[in-house]
Structures are given as structure tokens and as C-alpha cells.
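For reference, the structure is listed below as C-alpha cells.
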Protein chains: 2
Amino acid sequence: MSVKPKLETVAKEAGVSVATASQVMRGTGRISEKTRKRVLQTAKRLNYVPDGRAASMRSGESREIGFAIHQIANPFNAEVISGASDLLESEGYLLSVLDARDDAVRQRQQLEAFIRSSRAGLLWVPAQDTPRTTYDLLATHSLPTVTFLRRANVDSIDHVGIQNAAATATATEHLADIGHRHIAFLGGTAQVEVRNERIEGYARVLAERGLGAPIVWDSEDDKPSGMQAMIDLRAAHPEITAIVCNGDMVAIGASLALIRMGLEPGKDVSIVGFDDIQDAAIATPPLTTMAISPYDLGRKLARVVVDRIKEPDMPAALSLVPARLVVRGTTVPPREATAPHPE
Amino acid sequence: MSVKPKLETVAKEAGVSVATASQVMRGTGRISEKTRKRVLQTAKRLNYVPDGRAASMRSGESREIGFAIHQIANPFNAEVISGASDLLESEGYLLSVLDARDDAVRQRQQLEAFIRSSRAGLLWVPAQDTPRTTYDLLATHSLPTVTFLRRANVDSIDHVGIQNAAATATATEHLADIGHRHIAFLGGTAQVEVRNERIEGYARVLAERGLGAPIVWDSEDDKPSGMQAMIDLRAAHPEITAIVCNGDMVAIGASLALIRMGLEPGKDVSIVGFDDIQDAAIATPPLTTMAISPYDLGRKLARVVVDRIKEPDMPAALSLVPARLVVRGTTVPPREATAPHPE
DNA sequence: TTAAGTTGGTATAACGTTATACCTTACGTC
DNA sequence: GACGTAAGGTATAACGTTATACCAACTTAA
């Protein structure tokens with residue numbers, strides 16, 4: 001009760017060898033029912049918990065998965081974690097999450113920490129400017145790894161992501177279909193791959209429909225930043241009647257800003273968000289958005305890493321899940337719109 | 001480059017003994033500058049990362065802290081994690097987070113997992129019905145542990161929490177001061193300690209001011225639940241003109257519900273939230289709330305566990321941080337209020 | 001010239017498991 | 001009564017580090 005027991009203690013108390021006790025604990029080998037009971041009871045009585053370090057070192061196995069994600073505080077990410085955590089638990093793994101902050105140096109340290117503690121696998125949102133050496137590190141240690149959202153610039157790594165270009169294309173088409181002619185893209189900051197893909201889908205539809213040059217405006221992914229960005233964007237481009245957003249937080253921020261400015265989201269400026277976070281449905285007005293189920297995405301992600309651990313030699317898989325347009329209250333035809341017509 | 005290197009490989013390549021290589025890697029012992037450089041370069045060239053399991057097992061030390069929290073997806077919790085993570089990083093520790101879901105069985109498994117992997121310390125929000133055996137488990141393994149928010153029913157464990165009763169008392173006084181006579185408490189579900197404390201502060205002020213019996217209404221801690229609860233509460237007690245909430249999510253939900261019902265939050269029913277999450281300031285109307293800085297709370301929590309690891313024999317500390325009343329737009333005198341007067 | 005450091009290293013035994021090979025004893029079979 | 005085999009267990013060597021004790025070769029001091 002008072003000192004941390006090891007297997008040796010349990011074995012001695014139960015009157016068997018350490019090897020036998022070990023076999024009982026793990027349910028392997030041929031052990032009589034009588035001995036089994038006795039060992040298990042002693043273990044329970046002493047509050048014995050096996051030392052995972054020793055076990056893992058000897059057996060070469062581990063039941064811990066690491067997830068290095070750039071921002072736990074983002075509700076979308078939090079749901080992803082929840083989904084991944086659930087699936088992994090049902091497969092007997094444990095997920096531990098690290099808050100990585102989109103910083104390549106910090107990220108490197110955290111990946112090293114995962115390697116040091118010999119995780120069975122890794123879920124990972126690569127930082128924007130991940131250097132090649134980081135990929136080399138992972139390759140050297142042959143750690144089953146799945147990238148999430150941001151694709152590694154290495155083909156040999158499994159990836160789970162979103163059909164970004166297709167999603168923003170859908171969003172832009174929706175806005176064009178209901179009559180908008182001046183559509184901007186709002187959100188994200190640097191030229192990261194995800195954002196580029198989203199801008200690409202948006203710009204492609206603009207080009208296809210002859211709606212002029214793309215207008216892209218930066219913003220951090222939270223509501224206050226979205227508010228400020230909306231104000232600035234409108235000052236710079238008053239002709240805009242619709243915006244496609246890089247995320248729901250920004251979109252809701254933009255919507256709030258319009259209200260503060262005495263305008264009506266939807267009627268004055270239509271807005272399409274991205275993600276469909278919980279707030280989207282209950283915002284005023286409810287947000288039209290490209291919906292993804294972050295929980296399911298998390299499960300998918302976990303599924304991929306579990307498969308990879310089981311079959312290390314399968315070719316790397318690329319899973320891109322589609323987003324679904326959910327029309328709510330922030331997209332309506334522009335005030336001056338005639339009947340919606342192409343060109 | 002292709003196979004996972006161990007210290008032995010590095011030592012052999014650098015032409016030194018394993019012991020020497022080990023000393024170089026950790027900066028201990030007396031090693032000449034020349035050898036040091038040589039070993040470090042070889043290590044870097046081979047992408048060597050020490051095996052933390054072996055190191056920790058031999059040295060008896062660990063640089064990993066575990067955090068078992070009931071709901072990562074809650075923005076307040078997410079900020080706490082962020083603060084704890086930052087402080088621990090600056091002290092050379094790594095924080096890994098587990099999504100525990102307020103389930104005693106699941107919690108037990110997760111704590112065992114932390115013990116198995118020999119974390120240096122534990123941050124922990126105990127589940128509602130944590131059995132005594134779980135405390136025994138922790139005591140047996142003498143794992144430096146700090147409870148957060150919910151206090152363990154054991155005095156020997158460090159605790160970091162919030163001055164709950166004082167906070168809701170302040171909130172209730174504020175509402176009474178501006179003239180409210182029918183004040184309800186909304187949010188939380190079971191009789192957990194935190195909620196009981198909050199109800200106690202609320203009820204105490206009601207009694208002191210002769211404002212009748214407490215009215216307590218349940219709700220899950222998210223916006224949709226808050227909306228529904230507000231609707232139900234108002235149907236059951238139409239006389240109520242003010243509510244003290246168990247959390248901002250519920251408070252914002254309640255506020256949204258009032259708007260849907262054609263009422264005006266603040267004017268028709270005053271609302272005080274709890275936490276001051278990011279959304280509180282930008283909600284319409286902005287939410288009056290009892291503010292706590294979750295980030296600082298996280299730092300505090302981490303500080304306590306680090307101190308405990310350094311000084312295992314100090315008496316257990318109880319740190320309760322105060323909440324601060326932030327008056328925004330959801331608290332105004334009731335419509336029919338005469339001049340605010342006591343009794 | 002010798003005793004007493006100092007410098008720079010090495011050999012070896014742990015840490016707590018698990019995998020493997022091996023050893024009894026009992027029992028049935030021809 | 002010799003032999004095969006099954007049941008139930010044990011002894012022992014890893015796994016990759018680090019702590020400890022030790023050693024050889026110089027340097028310094030008296």
C-alpha cells in the first residue's frame with residue numbers, strides 16, 4: 001500500500017516466479033486457473049500497475065499515440081481530438097495531445113519528445129515552414145505518422161485532409177448562383193497550403209463565371225480578428241456583397257462586425273463560413289457554411305494511424321473528405337440583384 | 001539514416017565508450033571539448049534521439065506531466081491547457097492531455113495509463129463520483145498530483161481552484177443592488193462540489209437580503225442546452241428578472257433564447273455569466289460575467305505541480321483564485337424597479 | 001623523487017519488464 | 001515398463017539507458 005510495487009513483489013507474495021506473474025498479467029502462456037486467480041488478487045491488493053517503460057522497451061510495443069496539433073483552443077480542433085481519442089480508446093490506444101503553436105522549432109522539439117517516449121504512432125499538423133530535416137527525423141525513427149489538414153511535402157506519409165478547393169468552389173458557386181457579382185475571400189494569414197487550396201477553388205469559380213479578379217483579405221482565425229478584418233475589408237472594397245470565409249470563427253466575427261456597422265448580415269453582405277462549428281447554427285443570423293464533421297474527421301484520422309501501425313508496408317494513403325454546403329441565414333441574393341442569371 | 005540509432009551506435013562511430021557518449025549527451029561528467037564536439041556531431045548526423053523509456057527507468061526521472069481533463073472541447077479548459085503547457089515548457093517539462101469525459105471508470109483507466117508510463121506529475125479534474133480506491137492508487141504510486149477545479153476528498157493533495165461561493169455571491173449582490181428581487185441560478189447538472197459552492201454563494205446572498213427561496217435550474221454547459229433551459233425556466237418561473245449562471249456558455253445560450261422569445265437580455269431578464277470566455281465580450285449584448293483568466297489559472301496549476309515535484313515533502317497547498325465582476329450589457333435594473341433599496 | 005591531485009575517460013551493474021528455451025511431473029498408450 | 005506428450009511452471013537473457021566506482025596518464029608541490 002505504501003511503496004510502489006513491482007512485478008517481483010507481486011510474484012513473491014503470490015508464491016510464483018516473475019515469469020509466471022508476467023504471463024498471468026498479460027493473459028499469455030499456460031497457467032492453471034488457481035494460480036491465475038491468486039496472482040491477480042495479489043496484484044489488485046497491492047495496487048500493482050505494470051511499468052510501461054520496461055514493458056514497452058522489452059516487447060518493442062507501445063499503446064500510446066501522440067497528436068501534435070497547432071491550437072487546442074480552436075473548437076474545431078477540439079472536436080477532432082475528441083473523435084480521435086474515442087476511436088483510439090476503442091482500439092486499446094491512448095491519445096496524448098500536445099499544443100504545438102505552429103512554430104517549426106517548437107514542433108521539432110515536440111516530435112523529438114514523442115520519439116523519445118516511443119509513441120506507437122503520430123498524428124500531426126505540420127507547421128507552415130517545416131524543414132526537410134524534420135521529415136528525415138521521422139523517417140529515421142520509422143514512426144507511423146499521419147499528417148492532418150496540412151500535407152507534408154513528402155509522398156510517403158499518410159494524410160487525412162479536407163477537399164478544400166472543391167468546398168470553396170461550391171461556396172463561391174452558391175453565392176454566384178443567387179446573384180452576387182463581387183465576392184471576396186476572407187481569413188487565414190500566410191500562404192499555407194490549406195489556404196492556398198481554398199483560395200484556388202474560390203478564384204477558379206470567379207474566373208469561370210467572369211466575376212473579376214480575386215480579392216483576398218487576411219485575418220487570424222478568431223472572432224475579434226474577423227470583426228476587425230471585416231471592417232477593414234469593407235473600407236477598402238465597398239462594392240463587395242459577399243464573402244467566402246476561411247473559417248467559421250472569422251465568418252461569425254465578420255457577421256458581428258456588420259451588425260455593429262448597422263448592416264444586416266446576409267441582406268447587405270452575404271457570408272459563407274467553413275467548418276460548421278457549434279456556434280454556426282445558433283449565431284444570429286445562423287451562418288451559412290461549408291460543413292465538415294470534425295468528430296468524424298478525428299475518427300478517420302485515428303483509423304488511418306491504427307491501420308498504418310498494423311500494416312507498416314501498405315502504400316501511403318491520401319484521404320480527402322468532402323465538405324457539405326449548409327445554407328442558413330447569411331446568404332441571400334444581393335439587394336440590387338435582378339433575377340439570378342449567369343454571365 | 002535508415003535504422004533507429006542507439007547510443008551504442010553513436011559511441012562506436014565517435015570512437016568512445018557508451019558511458020562517455022551518455023555523459024556528453026547530458027552535459028555531465030568531465031569530457032574534453034574535442035570529444036564532446038565529435039560525439040555531438042555524430043549524434044546529430046545519425047539523427048540520434050535518446051530512448052526516454054530507458055533513460056527514465058534507470059535515472060528514475062521523467063519530464064512528462066499528464067493532464068486528465070473532463071472536456072478539451074470547452075474553450076475555458078482549452079485556455080487552461082494552453083497556460084499550463086506554456087509554463088511547463090519553460091520549466092523543461094512536456095504536457096500531454098487526456099480527454100477524460102467525467103466518467104469514473106474511464107478516469108481510473110487513464111490514471112493507470114499515466115502511472116504506467118511513469119509521468120513526473122499529474123494535473124487532474126476528478127470525476128464526480130471518484131471512488132476512494134482511485135485515491136489509494138495515486139497514493140500507492142506516490143505520484144505528485146494536483147487537482148483542478150474539483151477538490152479531492154483527501155486533504156493531502158494539492159489543489160488549485162476558484163473562489164466559487166465568493167464569486168456567485170458577488171454576482172448575486174450586483175443583481176440585488178440594481179434592484180432585482182427574483183433571481184434564479186442556472187446551469188450545471190449534478191450535485192458536484194463546484195456547483196454546490198456556487199449555489200451556496202448565491203443562496204447566501206438571497207437569504208441575507210430576504211429575497212426568498214433559491215431557484216436552481218439544471219443545464220449542460222453548452223449554448224444549445226442553455227437556450228432550452230432558459231425557455232423551460234421562464235415557463236416555470238415567469239416572475240424571474242435575473243439569473244446567475246454556472247458558465248458563460250449557458251449564459252450566452254440563455255441570452256440567445258431571450259432574443260428568440262422576443263425579449264431583450266438585460267432589460268427583460270438580466271444575466272451574469274461565469275468564466276469570461278472570449279465570446280462573452282463580443283456577444284450581443286456583451287455579457288456581464290465573473291471573469292477568471294483561464295490562461296493564468298493554467299500557469300498557476302502548472303507552477304504548483306512543478307513545486308510539488310521539487311519539494312515532495314511540503315504540506316499540501318490550497319490555492320483559490322478570485323473571480324472579478326465585469327459589468328457589460330446583460331445586467332440593468334428591472335423594468336418595474338423603483339429606486340434600489342434593501343428589504 | 002615521491003605523494004597528492006587533476007583530467008579524461010572506461011567497465012559494469014542496475015532499472016522492471018517480457019520472450020525464449022527449458023525443466024519437471026503426471027498420465028495415457030502400446 | 002518404456003515412451004510420447006501435455007500441463008504448468010521456472011531460469012535467464014535481453015531491451016537502451018545512466019550511476020557508480022574505478023583507472024591510467026599527467027601535472028604539481030614539497
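Chain identifiers are assigned as A, B, and so on, following the order in which chains appear in the C-alpha cells; residues are numbered from 1 within each chain, and ligands are numbered from 1 in order of appearance.
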- Message: If chain B is superposed onto chain A by least squares using every Cα atom in order, what is the RMSD, in Å to one decimal?
- Response: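 C-alpha RMSD after optimal superposition stands at 0.1 Å.
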- Task: Give as a PyMOL selection string every residue of chain A that touches chain C within 9 Å, counting only C-alpha atoms (C1' of nucleotides).
- Result: chain A and resi 6-8+19+22-23+50-59
For the residues in that selection, give me C-alpha atoms as a PDB file, in the first residue's frame.
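What ended up in selection_10.pdb:
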```
ATOM      1  CA  LYS A   6       6.806  -4.196  -8.923  1.00  0.00           C
ATOM      2  CA  LEU A   7       6.089  -7.483 -10.544  1.00  0.00           C
ATOM      3  CA  GLU A   8       8.714  -9.148  -8.380  1.00  0.00           C
ATOM      4  CA  ALA A  19       7.787 -15.014 -15.414  1.00  0.00           C
ATOM      5  CA  SER A  22       4.042 -11.648 -16.045  1.00  0.00           C
ATOM      6  CA  GLN A  23       2.170 -14.256 -18.042  1.00  0.00           C
ATOM      7  CA  PRO A  50       2.982  -2.564 -14.640  1.00  0.00           C
ATOM      8  CA  ASP A  51       5.778  -0.206 -15.618  1.00  0.00           C
ATOM      9  CA  GLY A  52       5.013   0.628 -19.207  1.00  0.00           C
ATOM     10  CA  ARG A  53       8.537   1.836 -19.880  1.00  0.00           C
ATOM     11  CA  ALA A  54      10.040  -1.531 -19.077  1.00  0.00           C
ATOM     12  CA  ALA A  55       7.290  -3.461 -20.812  1.00  0.00           C
ATOM     13  CA  SER A  56       7.457  -1.362 -23.930  1.00  0.00           C
ATOM     14  CA  MET A  57      11.235  -1.441 -24.025  1.00  0.00           C
ATOM     15  CA  ARG A  58      11.366  -5.182 -23.839  1.00  0.00           C
ATOM     16  CA  SER A  59       8.413  -6.010 -26.050  1.00  0.00           C
TER      17      SER A  59
END
```
Return as a tab-separated table (two decimals) with C-alpha atoms (C1' of nucleotides), in the first residue's frame the residues belonging to chain D that are within 10 Å of chain B, counting only C-alpha atoms (C1' of nucleotides).
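The new file iface-v5.tsv reads:
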```
chain	number	residue	atom	x	y	z
D	15	DC	C1'	15.65	-4.03	-24.12
D	16	DG	C1'	18.78	1.07	-24.02
D	17	DT	C1'	19.97	3.91	-20.89
D	18	DT	C1'	22.58	6.07	-16.51
D	19	DA	C1'	25.09	5.91	-11.82
```
How close does chain A get to chain B? List, as CSV, each residue of chain A within 8 Å, its nearest atom pair and the distance in Å to one decimal, counting only C-alpha atoms.
```
residue,atom,partner,partner_atom,distance
A:Met1,CA,B:Thr140,CA,5.4
A:Ser2,CA,B:Thr140,CA,5.2
A:Val3,CA,B:Thr140,CA,5.8
A:Lys4,CA,B:His141,CA,5.0
A:Asn47,CA,B:Leu137,CA,6.0
A:Val49,CA,B:Arg116,CA,6.2
A:Pro50,CA,B:Arg116,CA,5.9
A:Asp51,CA,B:Arg116,CA,4.9
A:Gly52,CA,B:Arg116,CA,4.7
A:Arg53,CA,B:Arg53,CA,4.9
A:Ala54,CA,B:Arg53,CA,7.1
A:Met57,CA,B:Arg53,CA,6.8
A:Ile72,CA,B:Ala78,CA,6.1
A:Ala73,CA,B:Ala78,CA,4.6
A:Asn74,CA,B:Pro75,CA,7.7
A:Pro75,CA,B:Ala73,CA,5.9
A:Ala78,CA,B:Ala73,CA,4.6
A:Glu79,CA,B:Ala73,CA,6.1
A:Ser82,CA,B:Asp99,CA,7.0
A:Ser85,CA,B:Asp99,CA,7.2
A:Leu94,CA,B:Ala113,CA,7.9
A:Leu95,CA,B:Leu98,CA,6.7
A:Ser96,CA,B:Ser96,CA,5.1
A:Val97,CA,B:Val97,CA,5.1
A:Leu98,CA,B:Ser96,CA,5.7
A:Asp99,CA,B:Ser82,CA,7.0
A:Glu112,CA,B:Val49,CA,6.9
A:Ala113,CA,B:Leu94,CA,7.9
A:Ile115,CA,B:Val49,CA,7.2
A:Arg116,CA,B:Gly52,CA,4.7
A:Ser117,CA,B:Gly52,CA,5.0
A:Ser118,CA,B:Asp51,CA,7.2
A:Asp136,CA,B:Met1,CA,7.9
A:Leu137,CA,B:Asn47,CA,6.0
A:Ala139,CA,B:Ser2,CA,7.3
A:Thr140,CA,B:Ser2,CA,5.1
A:His141,CA,B:Lys4,CA,5.0
A:Ser142,CA,B:Lys4,CA,7.5
A:Lys223,CA,B:Asp279,CA,7.9
A:Pro224,CA,B:Ile282,CA,7.6
A:Leu256,CA,B:Ile282,CA,8.0
A:Asp279,CA,B:Lys223,CA,7.9
A:Ile282,CA,B:Pro224,CA,7.5
```
Produce a file of the selected residues containing C-alpha atoms, as an mmCIF file, in the first residue's frame.
```cif
data_model
loop_
_atom_site.group_PDB
_atom_site.id
_atom_site.type_symbol
_atom_site.label_atom_id
_atom_site.label_comp_id
_atom_site.auth_asym_id
_atom_site.auth_seq_id
_atom_site.Cartn_x
_atom_site.Cartn_y
_atom_site.Cartn_z
ATOM 1 C CA MET A 1 0.000 0.000 0.000
ATOM 2 C CA SER A 2 2.735 2.418 0.783
ATOM 3 C CA VAL A 3 5.502 1.642 -1.683
ATOM 4 C CA LYS A 4 5.258 1.298 -5.431
ATOM 5 C CA ASN A 47 -2.394 -1.760 -6.409
ATOM 6 C CA VAL A 49 0.377 -1.251 -12.181
ATOM 7 C CA PRO A 50 2.982 -2.564 -14.640
ATOM 8 C CA ASP A 51 5.778 -0.206 -15.618
ATOM 9 C CA GLY A 52 5.013 0.628 -19.207
ATOM 10 C CA ARG A 53 8.537 1.836 -19.880
ATOM 11 C CA ALA A 54 10.040 -1.531 -19.077
ATOM 12 C CA MET A 57 11.235 -1.441 -24.025
ATOM 13 C CA ILE A 72 -6.145 23.038 -28.936
ATOM 14 C CA ALA A 73 -8.239 26.097 -28.099
ATOM 15 C CA ASN A 74 -9.887 26.035 -31.522
ATOM 16 C CA PRO A 75 -13.304 24.349 -31.163
ATOM 17 C CA ALA A 78 -11.043 20.182 -30.027
ATOM 18 C CA GLU A 79 -13.784 18.110 -31.673
ATOM 19 C CA SER A 82 -12.426 14.088 -29.218
ATOM 20 C CA SER A 85 -9.500 9.945 -28.770
ATOM 21 C CA LEU A 94 -4.267 6.167 -25.521
ATOM 22 C CA LEU A 95 -4.058 9.567 -27.157
ATOM 23 C CA SER A 96 -1.948 12.323 -25.701
ATOM 24 C CA VAL A 97 -2.165 15.767 -27.174
ATOM 25 C CA LEU A 98 0.471 18.446 -27.466
ATOM 26 C CA ASP A 99 -0.211 22.122 -28.095
ATOM 27 C CA GLU A 112 11.543 14.577 -30.597
ATOM 28 C CA ALA A 113 9.721 14.261 -27.312
ATOM 29 C CA ILE A 115 10.150 9.848 -30.367
ATOM 30 C CA ARG A 116 11.933 9.816 -27.033
ATOM 31 C CA SER A 117 8.926 8.404 -25.293
ATOM 32 C CA SER A 118 8.471 5.898 -28.127
ATOM 33 C CA ASP A 136 14.287 12.956 -42.065
ATOM 34 C CA LEU A 137 13.983 12.648 -38.315
ATOM 35 C CA ALA A 139 11.886 8.671 -41.388
ATOM 36 C CA THR A 140 14.944 7.636 -39.360
ATOM 37 C CA HIS A 141 12.835 6.563 -36.469
ATOM 38 C CA SER A 142 10.256 4.964 -38.752
ATOM 39 C CA LYS A 223 -13.908 36.230 -33.815
ATOM 40 C CA PRO A 224 -12.331 39.554 -32.776
ATOM 41 C CA LEU A 256 -20.913 40.621 -35.829
ATOM 42 C CA ASP A 279 -21.821 28.350 -32.864
ATOM 43 C CA ILE A 282 -27.032 29.346 -33.225
#
```
- Message: Please identify the alpha helix (DSSP H) residues within range 115-169 of chain A (assignment by DSSP from backbone atoms) and present them as a ChimeraX atom specification.
- Response: /A:115-116,132-140,164-169
- Suppose you want the space between CA of Ala190 in chain A and CA of Ala171 in chain A; what is it in Å?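 These atoms are spaced 21.5 Å apart.
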- In range 194-281 of chain A, DSSP strand (DSSP E) residues written as a list in words: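 Answer for range 194-281 of chain A, restricted to strand (DSSP E): Val216, Trp217, Ala242, Ile243, Val244, Cys245, Ser270, Ile271, Val272, Gly273, Phe274 and Asp275 of chain A.
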For Pro238 in chain B: contacts at 12 Å, only C-alpha atoms (C1' of nucleotides), fewer than 4 positions along chain excluded, given as a short mmCIF file (atom, residue, chain, number, x, y, z; two decimals) with N, CA and C atoms, in the first residue's frame:
```
data_model
loop_
_atom_site.label_atom_id
_atom_site.label_comp_id
_atom_site.auth_asym_id
_atom_site.auth_seq_id
_atom_site.Cartn_x
_atom_site.Cartn_y
_atom_site.Cartn_z
N HIS B 182 -36.13 38.83 -7.92
CA HIS B 182 -36.39 37.42 -8.26
C HIS B 182 -35.23 36.89 -9.10
N ILE B 183 -34.30 36.28 -8.40
CA ILE B 183 -33.04 35.87 -9.04
C ILE B 183 -32.91 34.35 -9.01
N ALA B 184 -32.67 33.76 -10.17
CA ALA B 184 -32.50 32.30 -10.24
C ALA B 184 -31.05 31.94 -10.51
N ILE B 215 -33.93 29.45 -6.49
CA ILE B 215 -34.49 28.69 -7.61
C ILE B 215 -33.32 28.21 -8.45
N MET B 230 -33.27 28.04 -20.58
CA MET B 230 -33.85 29.37 -20.37
C MET B 230 -35.34 29.35 -20.68
N ILE B 231 -35.67 28.70 -21.78
CA ILE B 231 -37.07 28.62 -22.18
C ILE B 231 -37.90 27.91 -21.11
N ASP B 232 -37.37 26.77 -20.64
CA ASP B 232 -38.07 26.00 -19.63
C ASP B 232 -38.18 26.77 -18.32
N LEU B 233 -37.07 27.39 -17.93
CA LEU B 233 -37.05 28.13 -16.67
C LEU B 233 -38.09 29.24 -16.67
N ARG B 234 -38.17 29.95 -17.79
CA ARG B 234 -39.11 31.06 -17.85
C ARG B 234 -40.56 30.59 -17.83
N ALA B 242 -33.83 38.04 -13.17
CA ALA B 242 -32.37 37.97 -13.25
C ALA B 242 -31.89 36.55 -12.98
N ASP B 268 -35.15 42.76 -20.07
CA ASP B 268 -36.23 41.89 -19.59
C ASP B 268 -35.75 40.91 -18.52
N VAL B 269 -34.64 40.28 -18.81
CA VAL B 269 -34.03 39.39 -17.81
C VAL B 269 -32.53 39.66 -17.79
#
```
- Skip Asp313 in chain B itself and residues of its chain fewer than 2 positions away, then list as a list in words all residues within 12 Å of it, counting only C-alpha atoms (C1' of nucleotides).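 So the residues in contact are Ser142, Pro144, Ser156, Ile157, Asp158, Asp307, Arg308, Ile309, Lys310, Glu311, Pro315, Ala316 and Ala317 of chain B.
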- Message: Residues near range 321-336 of chain A, anyone? I mean within 9 Å using only C-alpha atoms (C1' of nucleotides), not counting same-chain ones fewer than 6 positions away, as a ChimeraX atom specification.
- Response: /A:160-164,166-167,170-171,174-175,177-181,241-242,255,264-272,274-276,281,284-293,297
Can you spit out the residues from that selection as a tab-separated table (two decimals), in the first residue's frame, using N, CA and C atoms?
```tsv
chain	number	residue	atom	x	y	z
A	160	VAL	N	-4.66	12.81	-43.98
A	160	VAL	CA	-6.11	12.97	-43.91
A	160	VAL	C	-6.39	14.46	-43.97
A	161	GLY	N	-7.22	14.85	-44.89
A	161	GLY	CA	-7.49	16.28	-45.04
A	161	GLY	C	-8.88	16.54	-45.56
A	162	ILE	N	-9.06	17.74	-46.04
A	162	ILE	CA	-10.36	18.19	-46.49
A	162	ILE	C	-10.26	18.57	-47.97
A	163	GLN	N	-11.34	18.35	-48.71
A	163	GLN	CA	-11.36	18.78	-50.12
A	163	GLN	C	-11.57	20.28	-50.16
A	164	ASN	N	-10.49	20.99	-49.93
A	164	ASN	CA	-10.59	22.44	-49.76
A	164	ASN	C	-11.05	23.19	-50.99
A	166	ALA	N	-12.54	22.16	-53.69
A	166	ALA	CA	-13.91	21.82	-54.06
A	166	ALA	C	-14.91	22.54	-53.15
A	167	ALA	N	-14.58	22.64	-51.87
A	167	ALA	CA	-15.50	23.26	-50.92
A	167	ALA	C	-15.68	24.75	-51.19
A	170	THR	N	-17.67	25.32	-54.30
A	170	THR	CA	-19.10	25.17	-54.03
A	170	THR	C	-19.67	26.43	-53.38
A	171	ALA	N	-18.95	26.93	-52.39
A	171	ALA	CA	-19.41	28.12	-51.68
A	171	ALA	C	-19.52	29.30	-52.64
A	174	HIS	N	-22.39	28.92	-55.04
A	174	HIS	CA	-23.66	29.21	-54.37
A	174	HIS	C	-23.91	30.72	-54.35
A	175	LEU	N	-22.90	31.48	-54.01
A	175	LEU	CA	-23.05	32.93	-53.95
A	175	LEU	C	-23.32	33.51	-55.33
A	177	ASP	N	-24.64	31.91	-57.85
A	177	ASP	CA	-25.95	31.44	-58.29
A	177	ASP	C	-27.08	32.34	-57.79
A	178	ILE	N	-26.93	32.86	-56.57
A	178	ILE	CA	-28.01	33.69	-56.06
A	178	ILE	C	-27.82	35.16	-56.45
A	179	GLY	N	-26.83	35.42	-57.31
A	179	GLY	CA	-26.77	36.76	-57.90
A	179	GLY	C	-25.61	37.64	-57.50
A	180	HIS	N	-24.72	37.17	-56.66
A	180	HIS	CA	-23.60	38.03	-56.25
A	180	HIS	C	-22.55	38.15	-57.35
A	181	ARG	N	-22.02	39.36	-57.51
A	181	ARG	CA	-21.04	39.64	-58.56
A	181	ARG	C	-19.69	40.08	-57.98
A	241	THR	N	-20.37	42.36	-52.05
A	241	THR	CA	-21.67	41.99	-51.47
A	241	THR	C	-21.66	40.59	-50.88
A	242	ALA	N	-20.53	39.89	-51.01
A	242	ALA	CA	-20.49	38.53	-50.47
A	242	ALA	C	-19.06	38.13	-50.17
A	255	SER	N	-19.72	38.72	-39.38
A	255	SER	CA	-21.16	38.93	-39.24
A	255	SER	C	-21.44	39.91	-38.09
A	264	GLU	N	-26.92	44.50	-42.23
A	264	GLU	CA	-27.54	43.22	-41.94
A	264	GLU	C	-26.80	42.08	-42.64
A	265	PRO	N	-26.22	41.17	-41.85
A	265	PRO	CA	-25.51	40.04	-42.47
A	265	PRO	C	-26.50	39.26	-43.33
A	266	GLY	N	-26.08	38.88	-44.52
A	266	GLY	CA	-27.00	38.19	-45.43
A	266	GLY	C	-27.54	39.21	-46.41
A	267	LYS	N	-28.40	40.10	-45.92
A	267	LYS	CA	-29.02	41.11	-46.79
A	267	LYS	C	-27.99	42.06	-47.39
A	268	ASP	N	-27.14	42.66	-46.53
A	268	ASP	CA	-26.18	43.63	-47.05
A	268	ASP	C	-24.92	42.96	-47.59
A	269	VAL	N	-24.40	42.05	-46.80
A	269	VAL	CA	-23.24	41.28	-47.25
A	269	VAL	C	-23.48	39.82	-46.90
A	270	SER	N	-23.48	38.97	-47.91
A	270	SER	CA	-23.66	37.54	-47.65
A	270	SER	C	-22.35	36.91	-47.21
A	271	ILE	N	-22.47	35.90	-46.35
A	271	ILE	CA	-21.27	35.28	-45.78
A	271	ILE	C	-21.40	33.76	-45.80
A	272	VAL	N	-20.35	33.10	-46.26
A	272	VAL	CA	-20.28	31.64	-46.13
A	272	VAL	C	-19.09	31.30	-45.25
A	274	PHE	N	-16.81	28.25	-42.87
A	274	PHE	CA	-16.15	26.98	-43.17
A	274	PHE	C	-15.94	26.23	-41.87
A	275	ASP	N	-16.42	25.02	-41.77
A	275	ASP	CA	-16.24	24.09	-40.65
A	275	ASP	C	-17.57	23.63	-40.06
A	276	ASP	N	-18.52	24.56	-39.91
A	276	ASP	CA	-19.77	24.30	-39.19
A	276	ASP	C	-19.54	23.96	-37.73
A	281	ALA	N	-24.69	27.35	-36.10
A	281	ALA	CA	-26.14	27.15	-36.19
A	281	ALA	C	-26.92	28.10	-35.28
A	284	THR	N	-26.66	34.67	-34.72
A	284	THR	CA	-27.75	35.47	-35.28
A	284	THR	C	-27.18	36.40	-36.33
A	285	PRO	N	-27.57	36.28	-37.59
A	285	PRO	CA	-28.37	35.16	-38.11
A	285	PRO	C	-27.54	33.89	-38.21
A	286	PRO	N	-28.22	32.73	-38.25
A	286	PRO	CA	-27.47	31.46	-38.38
A	286	PRO	C	-26.58	31.49	-39.61
A	287	LEU	N	-25.40	30.93	-39.47
A	287	LEU	CA	-24.38	31.05	-40.51
A	287	LEU	C	-24.49	29.99	-41.59
A	288	THR	N	-24.52	30.43	-42.84
A	288	THR	CA	-24.35	29.50	-43.96
A	288	THR	C	-22.89	29.08	-43.97
A	289	THR	N	-22.64	27.79	-44.15
A	289	THR	CA	-21.24	27.35	-44.03
A	289	THR	C	-20.98	26.06	-44.78
A	290	MET	N	-19.71	25.77	-45.01
A	290	MET	CA	-19.30	24.50	-45.58
A	290	MET	C	-19.06	23.56	-44.41
A	291	ALA	N	-19.93	22.57	-44.26
A	291	ALA	CA	-19.89	21.74	-43.06
A	291	ALA	C	-18.96	20.53	-43.19
A	292	ILE	N	-18.20	20.35	-42.15
A	292	ILE	CA	-17.41	19.13	-42.01
A	292	ILE	C	-17.68	18.64	-40.61
A	293	SER	N	-17.69	17.34	-40.41
A	293	SER	CA	-17.85	16.84	-39.06
A	293	SER	C	-16.48	16.61	-38.46
A	297	LEU	N	-13.96	13.37	-38.62
A	297	LEU	CA	-12.64	13.58	-39.18
A	297	LEU	C	-11.59	13.02	-38.22
```
- Task: Figure out the distance between CA of Ile65 in chain A and CA of Asp129 in chain B, please, to one decimal in Å.
- Result: 28.0 Å
- Could you state the separation of CA of Tyr295 in chain A and CA of Leu123 in chain A in Å, given to one decimal place?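 Straight-line distance from CA of Tyr295 in chain A to CA of Leu123 in chain A works out to 14.8 Å.
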- Could you check which of B:Ala120, B:Leu111, B:Met314, B:Val244 is closest to Ala176 in chain B, using only C-alpha atoms?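 Smallest separation from Ala176 in chain B among the options: B:Val244.
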